[in-house]
Amino acid sequence: MARAKPAAKTGGSSTETGESLGKDDLLGFYRDMLLIRRFEERAGQLYGMGLIGGFCHLYIGQEAIAVGVQSIQEDGDQVITAYRDHGHMLACGMDPNEVMAELTGRAGGSSKGKGGSMHMFSREAEFYGGHGIVGAPAPLGTGLALANRYRDNGKVAFTYFGDGAANQGQVYESFNMAALWKLPVVYVIENNQYAMGTSLERSSSETHMYKRGTSFRIPGEEVDGMDVLAVRDAAKRAAAHARSGEGPFILEMKTYRYRGHSMSDPAKYRTREEVDEVRKTRDPIEHLREKLEKDGVADEATLKAIDAEVKRIVADAAEFARTSPEPDLSELYTEVYVEAAQ
Amino acid sequence: MTDILMPALSPTMEEGTLAKWHVKVGDTVASGDVIAEIETDKATMEVEAVDEGVIEELLVEAGAEGVKVNAPIARLSGGSASAKPAPAADEPKGAKAEASGDPEKTSPAKAKAEKPEGDGPAAIRPTEALADPEIPADAKLVKTTVRDALRDAMAEEMRRDDTVFLMGEEVAQYQGAYKVSRGLLEEFGERRVIDTPITEHGFAGLGVGAAMAGLKPIVEFMTWNFAMQAIDHIINSAAKTHYMSGGQITTPMVFRGPNGAASRVAAQHSQDYAAWYAHVPGLKVIAPYDAADAKGLLKAAIRDPNPVVFLEHEMLYGQEFDVPEGEDYVLPIGLAKVRRSGADVTITAYSRMVGLALKAAEELAAEGIEAEVVDLRTIRPLDHDTIVDSVKKTHRLVTVEEGWGPMGVGAEVIARVIEHAFDYLDAPPARVCQEDVPLPYAANLEAASLPSVEKIVKAAKAVCYRS
């Protein structure tokens, strides 16, 4: 998936910071979000068919965040997140076939079928997982930033976690060291309102996640995580801050997941009306689609062509994930250790 | 035409109730539209459409119970021509079995995989014969404390490789809580010798992240007791990532610090973690005794591309031993060392217990029992060839460890011997270990709880049927 870069300015649109985005950029965001949406829907279906096992956490509803933040990623910047990770991987440019085949536990998967939904990585895409432990990405991402500072390479580590993870102690241990040593890390808190089944209000004494860095003197900003352009603008500011040596920055992305916490979560802790309301009024993909049409950036035929392209990519990924063979039994014993090359 | 199938809510679900339809024949649906509700004994879930089209037929009535997973429940027509139908009703039957069916038939983990014969449960072992480097006859041996040997190892490796750095509590300005890092800040500066706040979980995680990015951190824990706060990153983030990433991401790093019981610091500060970490595939675990091994093995650990748990001992830090001079003294990980030869009984030990075992061997010799003392040095991978060869010679085994006995290092050593030298044993093996209690503070109770020379002598005599 092509990462959206500033492109030719043909019938573009301006964002709050006055950035002039080209038509290709905007259509790229639309396409990338739609790809995640369709990919996740298909993953849900394959799960229902028994082709995907274990835990499977879908990103549906939160697409604008990964797409918006990753749209400003520079070469060498790193990305790390927890287990709701399919969207980030696609936004980082990982091959949908490999991601889907990892979900089905096949040899063609990005971890050769040994990681599964929650444990995928790509050295090439600078994607460092894919972690199953709530809160763990915070220090790991801060460590990536420590490596950037050590090498003085000007790179930023985008470290994602959720509103639930924000209550883990290791997050604050990380905040403290990141601020103390002015590490180039952007913490992206995806606040989807529910820590599994426990609402923000029931789990958090301070519900404004962007304030969570206050006692470490880390600046924070609340962002409409359902608006890809707002996400992109905020990410630019945060990354510039981190890259300039000013230290960490917190972005609280207000968002919503449409599906349950995982596939086996019936989500009885919220009403169908609540979900429907968000889908109807705040959907990130519909929101951009309307804007593109209203601003005359794209006509229906263009958008339909993107829909068709995305459908084809996802259908191909599902087919690849279904037909790729299971890993060879010899893989059971490989890669437990790195062979020493002393 | 696309069949919509009864979905599974979990890998264990086999059937459920189609509680309610949200659509009727003729309705147009798009991806993400809720089309039905299904129930199991555990939950109710909504089914969303994945493909768009017109509902052609509802194949299962609302309220129907016992609808099998993957049975067609509705038929969808239309959709755009470019959309490939989902893998649907013609799905081979094996697909279901894969997730929730018969694991015996489909799960690779259960199948008989190819594996080196006779290695017992721990399959990962060095592939080539290991040997300590020859020390030239004219090599100068320098009396060095274990503390300084560890420092020298770090300093030499930091000079050799700019990606090696040290982080931990009090490692820089304070010169190390136990003075192991003395002088490193002065030589390497604060970029490479990093004082952390008291935040084990956090800085261990930062270390793993830096290792994922290609650096080679040495993460010092003031003592291993405090690393329990960090154990999630040692195991979940460091040990497993290479495997989980299909070999893409490595975590080349060392976690090190004093392990085991110091003196009179009581239960929370006196614990041997060798068995804990040696349990985990993906980690290497080293517990040296003397200064030469401390240096040679720490250098090897720093150079190793895997995460290494390096267990030192506070009571050994000040002890002096001969160490070969020079910066090339690197020992192989995974090789035990026979510290004393003997024909009557094998005594295995590691870390401080090696000293006790050697003293015990002297006392035993005075009574006519020649003990062979095997210093394990590396706990994972365990050098069971050396252990087994020794037991084949002596026919008797005593294991010594500072930690608790149950599920411990001695238990593993004995299991290996029983697997590989059962017929050679002339007596049941014996374990000398800490008593099965938290370590007490009172001097007499502490002494009674820990292994001692006397306890080792007694155990060795017992397996030799001598009193």
# chains A, B, ... in the order shown; residues from 1 in each chain; ligands from 1
call {"tool": "select_by_dssp", "arguments": {"residues": "segment 175-285 of chain A", "states": "alpha helix (DSSP H)", "output": "short mmCIF file (atom, residue, chain, number, x, y, z; two decimals) with N, CA and C atoms, in the first residue's frame"}}
result
data_model
loop_
_atom_site.label_atom_id
_atom_site.label_comp_id
_atom_site.auth_asym_id
_atom_site.auth_seq_id
_atom_site.Cartn_x
_atom_site.Cartn_y
_atom_site.Cartn_z
N PHE A 175 6.89 7.38 30.28
CA PHE A 175 6.72 8.84 30.16
C PHE A 175 7.86 9.55 30.89
N ASN A 176 8.14 9.07 32.09
CA ASN A 176 9.15 9.73 32.92
C ASN A 176 10.52 9.72 32.23
N MET A 177 10.92 8.56 31.75
CA MET A 177 12.24 8.48 31.13
C MET A 177 12.27 9.23 29.79
N ALA A 178 11.18 9.13 29.04
CA ALA A 178 11.14 9.82 27.74
C ALA A 178 11.28 11.32 27.93
N ALA A 179 10.61 11.85 28.95
CA ALA A 179 10.67 13.30 29.19
C ALA A 179 12.02 13.68 29.79
N LEU A 180 12.50 12.84 30.71
CA LEU A 180 13.78 13.10 31.37
C LEU A 180 14.91 13.19 30.35
N LEU A 200 -14.38 4.18 29.86
CA LEU A 200 -13.38 5.15 30.32
C LEU A 200 -13.76 5.70 31.69
N GLU A 201 -15.01 6.06 31.85
CA GLU A 201 -15.46 6.67 33.11
C GLU A 201 -15.32 5.68 34.27
N ARG A 202 -15.49 4.42 33.99
CA ARG A 202 -15.42 3.43 35.05
C ARG A 202 -13.98 2.98 35.34
N SER A 203 -13.05 3.34 34.45
CA SER A 203 -11.67 2.85 34.64
C SER A 203 -10.67 3.95 34.93
N VAL A 228 -9.39 12.01 9.51
CA VAL A 228 -8.02 11.67 9.11
C VAL A 228 -7.16 12.91 8.91
N LEU A 229 -7.77 14.00 8.47
CA LEU A 229 -6.97 15.21 8.24
C LEU A 229 -6.58 15.87 9.55
N ALA A 230 -7.49 15.83 10.52
CA ALA A 230 -7.16 16.36 11.86
C ALA A 230 -6.06 15.50 12.49
N VAL A 231 -6.16 14.21 12.30
CA VAL A 231 -5.14 13.31 12.83
C VAL A 231 -3.78 13.63 12.20
N ARG A 232 -3.79 13.79 10.90
CA ARG A 232 -2.54 14.08 10.19
C ARG A 232 -1.91 15.39 10.68
N ASP A 233 -2.73 16.41 10.83
CA ASP A 233 -2.22 17.71 11.29
C ASP A 233 -1.58 17.59 12.66
N ALA A 234 -2.31 16.92 13.55
CA ALA A 234 -1.80 16.79 14.92
C ALA A 234 -0.52 15.96 14.93
N ALA A 235 -0.49 14.91 14.14
CA ALA A 235 0.70 14.05 14.09
C ALA A 235 1.90 14.83 13.58
N LYS A 236 1.66 15.72 12.63
CA LYS A 236 2.77 16.54 12.11
C LYS A 236 3.36 17.41 13.21
N ARG A 237 2.48 18.03 13.96
CA ARG A 237 2.96 18.90 15.05
C ARG A 237 3.73 18.08 16.09
N ALA A 238 3.15 16.94 16.44
CA ALA A 238 3.77 16.12 17.49
C ALA A 238 5.12 15.58 17.02
N ALA A 239 5.18 15.14 15.78
CA ALA A 239 6.43 14.57 15.26
C ALA A 239 7.50 15.65 15.15
N ALA A 240 7.08 16.86 14.74
CA ALA A 240 8.05 17.96 14.63
C ALA A 240 8.64 18.27 16.00
N HIS A 241 7.78 18.24 17.00
CA HIS A 241 8.21 18.49 18.38
C HIS A 241 9.25 17.44 18.80
N ALA A 242 8.90 16.17 18.58
CA ALA A 242 9.78 15.09 19.00
C ALA A 242 11.09 15.11 18.20
N ARG A 243 10.96 15.37 16.92
CA ARG A 243 12.14 15.31 16.04
C ARG A 243 13.12 16.45 16.34
N ARG A 272 -26.62 -0.70 21.19
CA ARG A 272 -26.58 -0.69 19.73
C ARG A 272 -26.77 0.75 19.21
N GLU A 273 -27.61 1.50 19.92
CA GLU A 273 -27.87 2.89 19.51
C GLU A 273 -26.58 3.72 19.58
N GLU A 274 -25.80 3.45 20.63
CA GLU A 274 -24.55 4.21 20.77
C GLU A 274 -23.63 3.94 19.58
N VAL A 275 -23.53 2.66 19.22
CA VAL A 275 -22.67 2.30 18.10
C VAL A 275 -23.21 2.90 16.81
N ASP A 276 -24.52 2.77 16.62
CA ASP A 276 -25.14 3.29 15.38
C ASP A 276 -24.96 4.79 15.24
N GLU A 277 -25.06 5.47 16.37
CA GLU A 277 -24.92 6.92 16.35
C GLU A 277 -23.53 7.32 15.83
N VAL A 278 -22.51 6.64 16.34
CA VAL A 278 -21.15 6.96 15.89
C VAL A 278 -21.00 6.62 14.41
N ARG A 279 -21.48 5.47 14.04
CA ARG A 279 -21.36 5.06 12.63
C ARG A 279 -22.03 6.07 11.71
N LYS A 280 -23.18 6.54 12.14
CA LYS A 280 -23.95 7.46 11.28
C LYS A 280 -23.33 8.83 11.22
N THR A 281 -22.84 9.29 12.36
CA THR A 281 -22.45 10.71 12.41
C THR A 281 -20.95 10.94 12.38
N ARG A 282 -20.14 9.93 12.72
CA ARG A 282 -18.71 10.22 12.84
C ARG A 282 -17.83 9.27 12.04
N PRO A 284 -15.20 7.70 9.97
CA PRO A 284 -14.07 8.38 9.33
C PRO A 284 -14.05 8.24 7.81
N ILE A 285 -14.52 7.12 7.32
CA ILE A 285 -14.47 6.89 5.88
C ILE A 285 -15.59 7.67 5.18
#
call {"tool": "residues_around", "arguments": {"residues": "segment 20-36 of chain B", "least_positions_apart": "3", "cutoff": "7 Å", "atoms": "only C-alpha atoms", "output": "list in words"}}
result
Glu46, Val47, Glu48, Ala49, Val50, Asp51, Glu52, Gly53, Val54, Ile55, Glu56, Glu57, Leu58, Ala62 and Gly63 of chain B
call {"tool": "write_last_selection", "arguments": {"atoms": "N, CA and C atoms", "output": "short mmCIF file (atom, residue, chain, number, x, y, z; two decimals), in the first residue's frame"}}
result
data_model
loop_
_atom_site.label_atom_id
_atom_site.label_comp_id
_atom_site.auth_asym_id
_atom_site.auth_seq_id
_atom_site.Cartn_x
_atom_site.Cartn_y
_atom_site.Cartn_z
N GLU B 46 -23.82 -9.97 17.05
CA GLU B 46 -24.42 -9.54 15.80
C GLU B 46 -23.55 -10.01 14.64
N VAL B 47 -24.22 -10.38 13.56
CA VAL B 47 -23.50 -10.80 12.36
C VAL B 47 -23.55 -9.65 11.37
N GLU B 48 -22.40 -9.25 10.90
CA GLU B 48 -22.36 -8.16 9.92
C GLU B 48 -22.07 -8.72 8.54
N ALA B 49 -22.65 -8.05 7.55
CA ALA B 49 -22.38 -8.46 6.17
C ALA B 49 -20.95 -8.09 5.81
N VAL B 50 -20.31 -8.93 5.04
CA VAL B 50 -18.97 -8.64 4.55
C VAL B 50 -19.04 -8.20 3.10
N ASP B 51 -19.96 -8.83 2.37
CA ASP B 51 -20.12 -8.49 0.96
C ASP B 51 -21.39 -7.68 0.79
N GLU B 52 -21.43 -6.92 -0.30
CA GLU B 52 -22.66 -6.18 -0.55
C GLU B 52 -23.50 -6.92 -1.57
N GLY B 53 -24.78 -6.67 -1.53
CA GLY B 53 -25.67 -7.32 -2.47
C GLY B 53 -27.09 -7.32 -1.95
N VAL B 54 -27.91 -8.13 -2.57
CA VAL B 54 -29.33 -8.21 -2.20
C VAL B 54 -29.57 -9.58 -1.57
N ILE B 55 -30.29 -9.57 -0.45
CA ILE B 55 -30.60 -10.84 0.21
C ILE B 55 -31.55 -11.63 -0.70
N GLU B 56 -31.09 -12.75 -1.17
CA GLU B 56 -31.86 -13.55 -2.11
C GLU B 56 -32.74 -14.55 -1.37
N GLU B 57 -32.18 -15.08 -0.30
CA GLU B 57 -32.89 -16.14 0.38
C GLU B 57 -32.38 -16.26 1.81
N LEU B 58 -33.28 -16.45 2.77
CA LEU B 58 -32.86 -16.75 4.15
C LEU B 58 -33.01 -18.26 4.32
N ALA B 62 -35.47 -17.49 11.79
CA ALA B 62 -35.15 -16.87 13.07
C ALA B 62 -35.60 -17.80 14.19
N GLY B 63 -34.77 -17.95 15.19
CA GLY B 63 -35.11 -18.82 16.32
C GLY B 63 -34.56 -20.23 16.18
#
call {"tool": "select_by_dssp", "arguments": {"residues": "segment 1-46 of chain B", "states": "strand (DSSP E)", "output": "ChimeraX atom specification"}}
result
/B:2-5,15-21,28-29,34-39,44-46
call {"tool": "closest_atom_pairs", "arguments": {"of": "segment 71-166 of chain A", "to": "segment 186-192 of chain B", "cutoff": "12 Å", "atoms": "only C-alpha atoms", "output": "JSON lines"}}
result
{"residue": "A:Leu146", "atom": "CA", "partner": "B:Arg191", "partner_atom": "CA", "distance": 10.3}
{"residue": "A:Ala147", "atom": "CA", "partner": "B:Arg191", "partner_atom": "CA", "distance": 10.8}
{"residue": "A:Arg149", "atom": "CA", "partner": "B:Arg191", "partner_atom": "CA", "distance": 9.2}
{"residue": "A:Tyr150", "atom": "CA", "partner": "B:Arg191", "partner_atom": "CA", "distance": 6.9}
{"residue": "A:Arg151", "atom": "CA", "partner": "B:Arg191", "partner_atom": "CA", "distance": 9.9}
{"residue": "A:Asp152", "atom": "CA", "partner": "B:Arg191", "partner_atom": "CA", "distance": 10.8}
call {"tool": "closest_atom_pairs", "arguments": {"of": "chain A", "to": "chain B", "cutoff": "7 Å", "atoms": "only C-alpha atoms", "output": "JSON lines"}}
result
{"residue": "A:Glu41", "atom": "CA", "partner": "B:Val50", "partner_atom": "CA", "distance": 5.7}
{"residue": "A:Arg42", "atom": "CA", "partner": "B:Val50", "partner_atom": "CA", "distance": 6.2}
{"residue": "A:Gln45", "atom": "CA", "partner": "B:Val50", "partner_atom": "CA", "distance": 6.9}
{"residue": "A:Gly48", "atom": "CA", "partner": "B:Pro7", "partner_atom": "CA", "distance": 3.8}
{"residue": "A:Met49", "atom": "CA", "partner": "B:Pro7", "partner_atom": "CA", "distance": 5.6}
{"residue": "A:Gly50", "atom": "CA", "partner": "B:Lys96", "partner_atom": "CA", "distance": 5.0}
{"residue": "A:Leu51", "atom": "CA", "partner": "B:Ala95", "partner_atom": "CA", "distance": 5.8}
{"residue": "A:Ile52", "atom": "CA", "partner": "B:Ala99", "partner_atom": "CA", "distance": 6.9}
{"residue": "A:Gly53", "atom": "CA", "partner": "B:Ala99", "partner_atom": "CA", "distance": 5.4}
{"residue": "A:Gly54", "atom": "CA", "partner": "B:Pro11", "partner_atom": "CA", "distance": 6.3}
{"residue": "A:Ser111", "atom": "CA", "partner": "B:Gly246", "partner_atom": "CA", "distance": 4.0}
{"residue": "A:Lys112", "atom": "CA", "partner": "B:Gly246", "partner_atom": "CA", "distance": 5.5}
{"residue": "A:Lys114", "atom": "CA", "partner": "B:Met244", "partner_atom": "CA", "distance": 5.4}
{"residue": "A:Gly115", "atom": "CA", "partner": "B:Met244", "partner_atom": "CA", "distance": 4.3}
{"residue": "A:His119", "atom": "CA", "partner": "B:Met244", "partner_atom": "CA", "distance": 6.1}
{"residue": "A:Met120", "atom": "CA", "partner": "B:Ser245", "partner_atom": "CA", "distance": 5.8}
{"residue": "A:Phe121", "atom": "CA", "partner": "B:Ser245", "partner_atom": "CA", "distance": 5.6}
{"residue": "A:Ser122", "atom": "CA", "partner": "B:Gln248", "partner_atom": "CA", "distance": 6.8}
{"residue": "A:Arg123", "atom": "CA", "partner": "B:Gln248", "partner_atom": "CA", "distance": 6.3}
{"residue": "A:Pro139", "atom": "CA", "partner": "B:Gly205", "partner_atom": "CA", "distance": 4.8}
{"residue": "A:Leu140", "atom": "CA", "partner": "B:Gly209", "partner_atom": "CA", "distance": 4.0}
{"residue": "A:Gly141", "atom": "CA", "partner": "B:Gly209", "partner_atom": "CA", "distance": 6.0}
{"residue": "A:Thr142", "atom": "CA", "partner": "B:Leu206", "partner_atom": "CA", "distance": 5.8}
{"residue": "A:Gly143", "atom": "CA", "partner": "B:Leu206", "partner_atom": "CA", "distance": 3.7}
{"residue": "A:Leu144", "atom": "CA", "partner": "B:Gly209", "partner_atom": "CA", "distance": 4.9}
{"residue": "A:Leu146", "atom": "CA", "partner": "B:Ala210", "partner_atom": "CA", "distance": 6.3}
{"residue": "A:Ala147", "atom": "CA", "partner": "B:Ala210", "partner_atom": "CA", "distance": 5.0}
{"residue": "A:Tyr150", "atom": "CA", "partner": "B:Arg191", "partner_atom": "CA", "distance": 6.9}
{"residue": "A:Gln170", "atom": "CA", "partner": "B:Gly202", "partner_atom": "CA", "distance": 5.3}
{"residue": "A:Glu173", "atom": "CA", "partner": "B:Gly202", "partner_atom": "CA", "distance": 5.1}
{"residue": "A:Ser174", "atom": "CA", "partner": "B:Gly202", "partner_atom": "CA", "distance": 5.6}
{"residue": "A:Met263", "atom": "CA", "partner": "B:Leu9", "partner_atom": "CA", "distance": 6.4}
{"residue": "A:Ser264", "atom": "CA", "partner": "B:Leu9", "partner_atom": "CA", "distance": 5.1}
{"residue": "A:Pro266", "atom": "CA", "partner": "B:Met45", "partner_atom": "CA", "distance": 5.0}
{"residue": "A:Ala308", "atom": "CA", "partner": "B:Ser82", "partner_atom": "CA", "distance": 6.1}
{"residue": "A:Lys311", "atom": "CA", "partner": "B:Ala83", "partner_atom": "CA", "distance": 5.9}
{"residue": "A:Arg312", "atom": "CA", "partner": "B:Ala83", "partner_atom": "CA", "distance": 6.1}
{"residue": "A:Ala315", "atom": "CA", "partner": "B:Lys84", "partner_atom": "CA", "distance": 6.0}
{"residue": "A:Leu329", "atom": "CA", "partner": "B:Ala113", "partner_atom": "CA", "distance": 5.7}
{"residue": "A:Ser330", "atom": "CA", "partner": "B:Glu114", "partner_atom": "CA", "distance": 6.4}
{"residue": "A:Glu335", "atom": "CA", "partner": "B:Tyr243", "partner_atom": "CA", "distance": 4.9}
{"residue": "A:Val336", "atom": "CA", "partner": "B:Tyr243", "partner_atom": "CA", "distance": 5.2}
{"residue": "A:Tyr337", "atom": "CA", "partner": "B:Gly282", "partner_atom": "CA", "distance": 5.6}
{"residue": "A:Val338", "atom": "CA", "partner": "B:Pro305", "partner_atom": "CA", "distance": 6.0}
{"residue": "A:Ala340", "atom": "CA", "partner": "B:Pro305", "partner_atom": "CA", "distance": 6.1}
call {"tool": "residues_around", "arguments": {"residues": "segment 393-402 of chain B", "least_positions_apart": "6", "cutoff": "9 Å", "atoms": "only C-alpha atoms", "output": "JSON, numbers by chain"}}
result
{"B": [260, 261, 271, 272, 342, 343, 344, 345, 346, 347, 348, 349, 350, 351, 352, 353, 354, 357, 371, 372, 408, 409, 410, 411, 413, 414, 417, 421, 423, 424, 425, 426, 427, 428, 429, 430, 431, 432, 433, 434, 450, 451, 456, 459, 460, 463, 464]}
call {"tool": "closest_residue", "arguments": {"among": "A:Asp163, A:Glu221, A:Glu290, A:Asp85", "to": "Leu26 of chain A", "atoms": "only C-alpha atoms"}}
result
A:Glu290
call {"tool": "residues_around", "arguments": {"residues": "Glu252 of chain A", "least_positions_apart": "2", "cutoff": "6 Å", "atoms": "only C-alpha atoms", "output": "JSON, numbers by chain"}}
result
{"A": [189, 209, 210, 222, 223]}
